[in-house]
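Enquirer: Next comes the structure file structure_20.tsv, holding TSV, C-alpha atoms.
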```tsv
chain	number	residue	atom	x	y	z
A	1	MET	CA	193.08	-2.80	-36.72
A	2	THR	CA	195.45	-5.61	-35.77
A	3	GLU	CA	196.06	-8.63	-37.95
A	4	GLN	CA	194.14	-10.78	-35.47
A	5	THR	CA	191.01	-8.58	-35.55
A	6	ARG	CA	191.28	-8.28	-39.33
A	7	GLU	CA	190.82	-12.06	-39.53
A	8	MET	CA	187.88	-12.31	-37.11
A	9	GLY	CA	184.46	-13.48	-38.19
A	10	PRO	CA	181.22	-11.67	-37.44
A	11	ILE	CA	180.16	-11.61	-33.79
A	12	ASP	CA	176.55	-12.47	-32.96
A	13	TYR	CA	174.55	-12.83	-29.78
A	14	LEU	CA	171.50	-14.79	-28.76
A	15	VAL	CA	169.20	-14.41	-25.77
A	16	ILE	CA	167.21	-17.56	-25.11
A	17	GLU	CA	164.37	-17.68	-22.60
A	18	PHE	CA	163.42	-20.81	-20.67
A	19	PRO	CA	159.87	-20.32	-19.35
A	20	GLY	CA	159.34	-21.57	-15.83
A	21	ASN	CA	163.10	-22.13	-15.50
A	22	GLN	CA	162.78	-25.39	-17.44
A	23	MET	CA	165.90	-26.39	-19.39
A	24	THR	CA	166.27	-29.83	-20.87
A	25	GLY	CA	169.87	-29.42	-21.97
A	26	GLU	CA	169.11	-30.91	-25.38
A	27	ALA	CA	170.83	-28.02	-27.19
A	28	PHE	CA	174.12	-28.14	-25.27
A	29	PRO	CA	175.66	-31.09	-27.16
A	30	LEU	CA	174.75	-29.37	-30.43
A	31	LEU	CA	176.41	-26.16	-29.26
A	32	LEU	CA	179.53	-28.11	-28.30
A	33	ASP	CA	179.52	-29.73	-31.73
A	34	LEU	CA	179.56	-26.30	-33.41
A	35	VAL	CA	182.57	-25.35	-31.27
A	36	ASP	CA	184.36	-28.67	-31.84
A	37	ARG	CA	183.91	-28.39	-35.61
A	38	GLY	CA	185.39	-24.87	-35.57
A	39	LEU	CA	182.22	-23.19	-36.81
A	40	ILE	CA	181.84	-20.86	-33.83
A	41	ARG	CA	183.91	-19.63	-30.90
A	42	ILE	CA	182.05	-18.83	-27.69
A	43	ILE	CA	183.05	-15.41	-26.40
A	44	ASP	CA	180.57	-15.06	-23.53
A	45	PHE	CA	177.99	-17.41	-22.08
A	46	VAL	CA	175.90	-16.26	-19.13
A	47	PHE	CA	172.81	-17.70	-17.47
A	48	ILE	CA	170.42	-15.40	-15.68
A	49	ARG	CA	167.21	-15.91	-13.72
A	50	LYS	CA	164.30	-13.53	-13.29
A	51	ASP	CA	162.22	-14.17	-10.18
A	52	GLU	CA	158.50	-13.59	-9.74
A	53	GLN	CA	159.15	-10.05	-8.48
A	54	GLY	CA	161.15	-9.20	-11.62
A	55	GLN	CA	164.62	-9.21	-10.03
A	56	THR	CA	167.39	-10.66	-12.20
A	57	SER	CA	170.49	-12.45	-11.04
A	58	ILE	CA	173.36	-14.30	-12.66
A	59	VAL	CA	173.17	-18.07	-12.27
A	60	THR	CA	176.39	-20.04	-11.91
A	61	LEU	CA	176.89	-23.05	-14.11
A	62	SER	CA	176.97	-25.32	-11.07
A	63	ASP	CA	173.45	-24.10	-10.22
A	64	VAL	CA	172.26	-24.87	-13.76
A	65	ASP	CA	174.02	-28.23	-13.76
A	66	GLY	CA	172.46	-29.47	-10.52
A	67	ASP	CA	170.65	-32.47	-11.99
A	68	GLY	CA	173.70	-34.50	-12.90
A	69	GLN	CA	172.46	-34.82	-16.48
A	70	LEU	CA	174.11	-31.79	-18.04
A	71	ASP	CA	177.87	-31.38	-18.23
A	72	LEU	CA	178.21	-27.62	-18.46
A	73	GLY	CA	181.73	-27.50	-17.05
A	74	VAL	CA	183.13	-26.98	-20.55
A	75	PHE	CA	181.41	-23.57	-20.61
A	76	GLU	CA	182.94	-22.50	-17.28
A	77	GLY	CA	184.92	-19.33	-17.74
A	78	ALA	CA	183.44	-18.46	-21.15
A	79	SER	CA	183.57	-14.75	-20.41
A	80	SER	CA	185.37	-12.00	-22.25
A	81	GLY	CA	183.96	-9.25	-20.10
A	82	LEU	CA	181.75	-7.90	-22.90
A	83	LEU	CA	178.63	-8.71	-20.90
A	84	GLY	CA	178.55	-6.38	-17.94
A	85	GLU	CA	175.94	-5.49	-15.37
A	86	GLU	CA	174.12	-3.20	-17.80
A	87	GLU	CA	173.78	-5.93	-20.44
A	88	ILE	CA	172.55	-8.42	-17.85
A	89	GLU	CA	169.92	-5.89	-16.69
A	90	GLU	CA	168.84	-5.32	-20.32
A	91	THR	CA	168.54	-9.05	-20.85
A	92	GLY	CA	166.49	-9.37	-17.69
A	93	GLY	CA	164.14	-6.76	-19.13
A	94	VAL	CA	163.17	-9.00	-22.04
A	95	LEU	CA	162.60	-12.10	-19.88
A	96	GLU	CA	159.22	-12.84	-18.36
A	97	PRO	CA	159.06	-13.23	-14.57
A	98	ASN	CA	159.90	-16.71	-13.23
A	99	CYS	CA	162.04	-17.54	-16.27
A	100	SER	CA	165.68	-18.25	-16.89
A	101	GLY	CA	167.70	-17.05	-19.80
A	102	ALA	CA	170.98	-17.69	-21.52
A	103	VAL	CA	173.03	-15.03	-23.25
A	104	LEU	CA	175.46	-16.37	-25.81
A	105	VAL	CA	177.98	-14.17	-27.63
A	106	TYR	CA	179.89	-16.02	-30.33
A	107	GLU	CA	182.19	-15.49	-33.27
A	108	ASN	CA	181.22	-17.04	-36.58
A	109	LEU	CA	184.55	-18.70	-37.37
A	110	TRP	CA	183.17	-20.18	-40.59
A	111	ALA	CA	182.81	-16.63	-41.97
A	112	ALA	CA	186.20	-15.33	-40.82
A	113	PRO	CA	188.08	-15.95	-44.13
A	114	LEU	CA	185.38	-14.15	-46.12
A	115	ALA	CA	185.12	-11.30	-43.60
A	116	GLY	CA	188.92	-10.88	-43.59
A	117	ALA	CA	189.09	-10.82	-47.39
A	118	LEU	CA	186.31	-8.23	-47.55
A	119	ARG	CA	188.05	-6.01	-44.99
A	120	ARG	CA	191.42	-6.31	-46.80
A	121	SER	CA	189.74	-5.28	-50.04
A	122	GLY	CA	188.23	-2.18	-48.42
A	123	GLY	CA	184.76	-3.56	-47.75
A	124	GLN	CA	182.84	-2.38	-44.70
A	125	MET	CA	179.75	-3.80	-43.01
A	126	VAL	CA	176.99	-1.22	-43.39
A	127	ALA	CA	173.99	-3.32	-42.40
A	128	SER	CA	173.26	-6.67	-40.83
A	129	GLY	CA	170.15	-8.46	-39.72
A	130	ARG	CA	168.29	-11.70	-39.38
A	131	ILE	CA	164.94	-12.66	-40.85
A	132	PRO	CA	162.74	-14.45	-38.30
A	133	LEU	CA	161.72	-17.98	-39.30
A	134	THR	CA	158.04	-17.08	-38.89
A	135	SER	CA	158.42	-14.31	-41.50
A	136	ILE	CA	159.99	-16.74	-43.97
A	137	LEU	CA	157.24	-19.30	-43.41
A	138	GLU	CA	154.52	-16.67	-43.82
A	139	ALA	CA	156.10	-15.45	-47.08
A	140	LEU	CA	156.34	-19.01	-48.41
A	141	ASP	CA	152.73	-19.70	-47.44
A	142	ALA	CA	151.65	-16.54	-49.26
A	143	LEU	CA	153.41	-17.76	-52.42
A	144	ASP	CA	151.49	-21.03	-52.24
A	145	THR	CA	148.12	-19.33	-51.72
A	146	PRO	CA	146.22	-18.69	-54.97
A	147	ALA	CA	145.32	-15.03	-55.53
```
As structure tokens - that is how I would like this structure written.
Expert:
Amino acid sequence: MTEQTREMGPIDYLVIEFPGNQMTGEAFPLLLDLVDRGLIRIIDFVFIRKDEQGQTSIVTLSDVDGDGQLDLGVFEGASSGLLGEEEIEETGGVLEPNCSGAVLVYENLWAAPLAGALRRSGGQMVASGRIPLTSILEALDALDTPA
């Protein structure tokens, strides 16, 4: 492991579906803010579209940015090569027909110092996960419900 990889934060990915190919762009400034504040580093960012017949294709940023409202040029070239044809096909498999999707792979820079210290002290990641918001809300509701 090189010194650079020893200091990396955890890498996560998101797949976001936009039903009916409708994107408002509201989240893009917030994503840029996370990058500007040094909380995350975008490793890969790909848009895909699934047509009514179920065929998937990569969408260029200029195609997404056609309305003149969104400035997605800052994401141009955000590709490490981690997302290949196979990953794009897998992503297309989870999208409904006539939908668009975004695949975002990012490093959690905010966690890099902790992750590096854990690795240097011999710690190893043995499990990771995320609890869906709906599960948290259901659990909280159950606590509030009298038995």
Enquirer: Can you work out the spacing between atom CA of A:Leu82 and atom CA of A:Ser128 in Å, to one decimal?
Expert: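 Atom CA of A:Leu82 sits 19.9 Å away from atom CA of A:Ser128.
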Enquirer: Please, which residues are within 12 Å of (174.6, -8.5, -16.4) by the file's coordinates, counting only C-alpha atoms, and could they come as number ranges by chain?
Expert: A: 44-50, 55-59, 79, 81-93, 101-103
Enquirer: I'd like the interatomic distance between atom CA of A:Ile11 and atom CA of A:Val105, to a tenth of an Å.
Expert: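 Computed distance, atom CA of A:Ile11 to atom CA of A:Val105, equals 7.0 Å.
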Enquirer: Can you work out the spacing between atom CA of A:Leu104 and atom CA of A:Gly123 in Å, to one decimal?
Expert: 27.1 Å
Enquirer: Given the choices A:Thr60, A:Cys99, A:Glu52, A:Leu39, which gets closest to A:Ile16 if the distance is worked out from all atoms listed in the file?
Expert: A:Cys99
Enquirer: Kindly indicate which residue among A:Ser135, A:Asn98, A:Thr145, A:Asn108 lies nearest to A:Gln53, using all atoms listed in the file for the distances.
Expert: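 Result for the nearest residue to A:Gln53: A:Asn98.
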Enquirer: What lies within 10 Å of stretch 117-121 of chain A using all atoms listed in the file, ignoring chain neighbours under 4 positions off, as a list in words?
Expert: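 Final neighbour list, sorted by chain and number: Arg6, Glu7, Ala112, Pro113 and Met125 of chain A.
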Enquirer: Tell me which of A:Gly116, A:Val126, A:Glu96, A:Ile43 sits closest to A:Gly20, counting only C-alpha atoms.
Expert: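 The answer is A:Glu96, which sits nearest to A:Gly20.
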Enquirer: So which residues touch A:Leu109 within 9 Å, counting all atoms listed in the file, skipping near sequence neighbours fewer than 5 positions away, as a ChimeraX atom specification?
Expert: /A:8-10,38-41
Enquirer: Anything within 8 Å of (175.1, -21.6, -32.0): list those residues as a PyMOL selection string, counting all atoms listed in the file and sticking to the file's coordinates.
Expert: chain A and resi 30-31+34+40+106
Enquirer: Could you rebuild stretch 100-136 of chain A with N, CA and C atoms and give me the result as an mmCIF file, in the frame of the given file?
Expert:
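For reference, rebuild-v7.cif as written:
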```cif
data_model
loop_
_atom_site.group_PDB
_atom_site.id
_atom_site.type_symbol
_atom_site.label_atom_id
_atom_site.label_comp_id
_atom_site.auth_asym_id
_atom_site.auth_seq_id
_atom_site.Cartn_x
_atom_site.Cartn_y
_atom_site.Cartn_z
ATOM 1 N N SER A 100 164.226 -18.322 -16.797
ATOM 2 C CA SER A 100 165.680 -18.250 -16.890
ATOM 3 C C SER A 100 166.033 -17.878 -18.310
ATOM 4 N N GLY A 101 167.249 -17.406 -18.466
ATOM 5 C CA GLY A 101 167.700 -17.050 -19.800
ATOM 6 C C GLY A 101 169.170 -17.354 -19.955
ATOM 7 N N ALA A 102 169.575 -17.506 -21.192
ATOM 8 C CA ALA A 102 170.980 -17.690 -21.520
ATOM 9 C C ALA A 102 171.348 -16.615 -22.528
ATOM 10 N N VAL A 103 172.499 -16.005 -22.314
ATOM 11 C CA VAL A 103 173.030 -15.030 -23.250
ATOM 12 C C VAL A 103 174.299 -15.641 -23.826
ATOM 13 N N LEU A 104 174.330 -15.763 -25.124
ATOM 14 C CA LEU A 104 175.460 -16.370 -25.810
ATOM 15 C C LEU A 104 176.016 -15.367 -26.820
ATOM 16 N N VAL A 105 177.292 -15.023 -26.672
ATOM 17 C CA VAL A 105 177.980 -14.170 -27.630
ATOM 18 C C VAL A 105 179.017 -15.070 -28.302
ATOM 19 N N TYR A 106 179.001 -15.088 -29.628
ATOM 20 C CA TYR A 106 179.890 -16.020 -30.330
ATOM 21 C C TYR A 106 180.403 -15.418 -31.628
ATOM 22 N N GLU A 107 181.602 -15.883 -32.004
ATOM 23 C CA GLU A 107 182.190 -15.490 -33.270
ATOM 24 C C GLU A 107 181.871 -16.558 -34.298
ATOM 25 N N ASN A 108 181.489 -16.133 -35.478
ATOM 26 C CA ASN A 108 181.220 -17.040 -36.580
ATOM 27 C C ASN A 108 182.539 -17.342 -37.281
ATOM 28 N N LEU A 109 183.244 -18.364 -36.794
ATOM 29 C CA LEU A 109 184.550 -18.700 -37.370
ATOM 30 C C LEU A 109 184.449 -19.118 -38.824
ATOM 31 N N TRP A 110 183.345 -19.739 -39.213
ATOM 32 C CA TRP A 110 183.170 -20.180 -40.590
ATOM 33 C C TRP A 110 183.204 -19.002 -41.565
ATOM 34 N N ALA A 111 182.855 -17.796 -41.086
ATOM 35 C CA ALA A 111 182.810 -16.630 -41.970
ATOM 36 C C ALA A 111 184.074 -15.781 -41.893
ATOM 37 N N ALA A 112 185.006 -16.148 -41.019
ATOM 38 C CA ALA A 112 186.200 -15.330 -40.820
ATOM 39 C C ALA A 112 187.017 -15.134 -42.099
ATOM 40 N N PRO A 113 187.290 -16.176 -42.902
ATOM 41 C CA PRO A 113 188.080 -15.950 -44.130
ATOM 42 C C PRO A 113 187.405 -14.950 -45.082
ATOM 43 N N LEU A 114 186.092 -15.068 -45.257
ATOM 44 C CA LEU A 114 185.380 -14.150 -46.120
ATOM 45 C C LEU A 114 185.405 -12.730 -45.541
ATOM 46 N N ALA A 115 185.129 -12.618 -44.248
ATOM 47 C CA ALA A 115 185.120 -11.300 -43.600
ATOM 48 C C ALA A 115 186.499 -10.645 -43.702
ATOM 49 N N GLY A 116 187.564 -11.416 -43.482
ATOM 50 C CA GLY A 116 188.920 -10.880 -43.590
ATOM 51 C C GLY A 116 189.226 -10.399 -44.998
ATOM 52 N N ALA A 117 188.849 -11.193 -45.996
ATOM 53 C CA ALA A 117 189.090 -10.820 -47.390
ATOM 54 C C ALA A 117 188.321 -9.544 -47.748
ATOM 55 N N LEU A 118 187.092 -9.433 -47.282
ATOM 56 C CA LEU A 118 186.310 -8.230 -47.550
ATOM 57 C C LEU A 118 186.946 -7.000 -46.913
ATOM 58 N N ARG A 119 187.413 -7.133 -45.657
ATOM 59 C CA ARG A 119 188.050 -6.010 -44.990
ATOM 60 C C ARG A 119 189.346 -5.604 -45.708
ATOM 61 N N ARG A 120 190.157 -6.606 -46.106
ATOM 62 C CA ARG A 120 191.420 -6.310 -46.800
ATOM 63 C C ARG A 120 191.170 -5.619 -48.136
ATOM 64 N N SER A 121 190.027 -5.899 -48.753
ATOM 65 C CA SER A 121 189.740 -5.280 -50.040
ATOM 66 C C SER A 121 188.978 -3.962 -49.891
ATOM 67 N N GLY A 122 188.863 -3.479 -48.663
ATOM 68 C CA GLY A 122 188.230 -2.180 -48.420
ATOM 69 C C GLY A 122 186.756 -2.244 -48.111
ATOM 70 N N GLY A 123 186.185 -3.435 -48.053
ATOM 71 C CA GLY A 123 184.760 -3.560 -47.750
ATOM 72 C C GLY A 123 184.468 -3.248 -46.300
ATOM 73 N N GLN A 124 183.284 -2.701 -46.051
ATOM 74 C CA GLN A 124 182.840 -2.380 -44.700
ATOM 75 C C GLN A 124 181.410 -2.876 -44.509
ATOM 76 N N MET A 125 181.118 -3.396 -43.343
ATOM 77 C CA MET A 125 179.750 -3.800 -43.010
ATOM 78 C C MET A 125 178.928 -2.532 -42.814
ATOM 79 N N VAL A 126 177.849 -2.382 -43.556
ATOM 80 C CA VAL A 126 176.990 -1.220 -43.390
ATOM 81 C C VAL A 126 175.600 -1.595 -42.892
ATOM 82 N N ALA A 127 175.271 -2.862 -42.928
ATOM 83 C CA ALA A 127 173.990 -3.320 -42.400
ATOM 84 C C ALA A 127 174.091 -4.807 -42.122
ATOM 85 N N SER A 128 173.313 -5.254 -41.169
ATOM 86 C CA SER A 128 173.260 -6.670 -40.830
ATOM 87 C C SER A 128 171.889 -6.929 -40.226
ATOM 88 N N GLY A 129 171.443 -8.141 -40.308
ATOM 89 C CA GLY A 129 170.150 -8.460 -39.720
ATOM 90 C C GLY A 129 169.847 -9.941 -39.846
ATOM 91 N N ARG A 130 168.725 -10.299 -39.327
ATOM 92 C CA ARG A 130 168.290 -11.700 -39.380
ATOM 93 C C ARG A 130 166.798 -11.697 -39.638
ATOM 94 N N ILE A 131 166.363 -12.544 -40.532
ATOM 95 C CA ILE A 131 164.940 -12.660 -40.850
ATOM 96 C C ILE A 131 164.362 -13.758 -39.966
ATOM 97 N N PRO A 132 163.343 -13.431 -39.164
ATOM 98 C CA PRO A 132 162.740 -14.450 -38.300
ATOM 99 C C PRO A 132 162.132 -15.584 -39.115
ATOM 100 N N LEU A 133 162.253 -16.795 -38.625
ATOM 101 C CA LEU A 133 161.720 -17.980 -39.300
ATOM 102 C C LEU A 133 160.228 -17.817 -39.601
ATOM 103 N N THR A 134 159.482 -17.245 -38.667
ATOM 104 C CA THR A 134 158.040 -17.080 -38.890
ATOM 105 C C THR A 134 157.770 -16.202 -40.109
ATOM 106 N N SER A 135 158.595 -15.177 -40.336
ATOM 107 C CA SER A 135 158.420 -14.310 -41.500
ATOM 108 C C SER A 135 158.673 -15.079 -42.793
ATOM 109 N N ILE A 136 159.686 -15.924 -42.798
ATOM 110 C CA ILE A 136 159.990 -16.740 -43.970
ATOM 111 C C ILE A 136 158.831 -17.689 -44.266
#
```
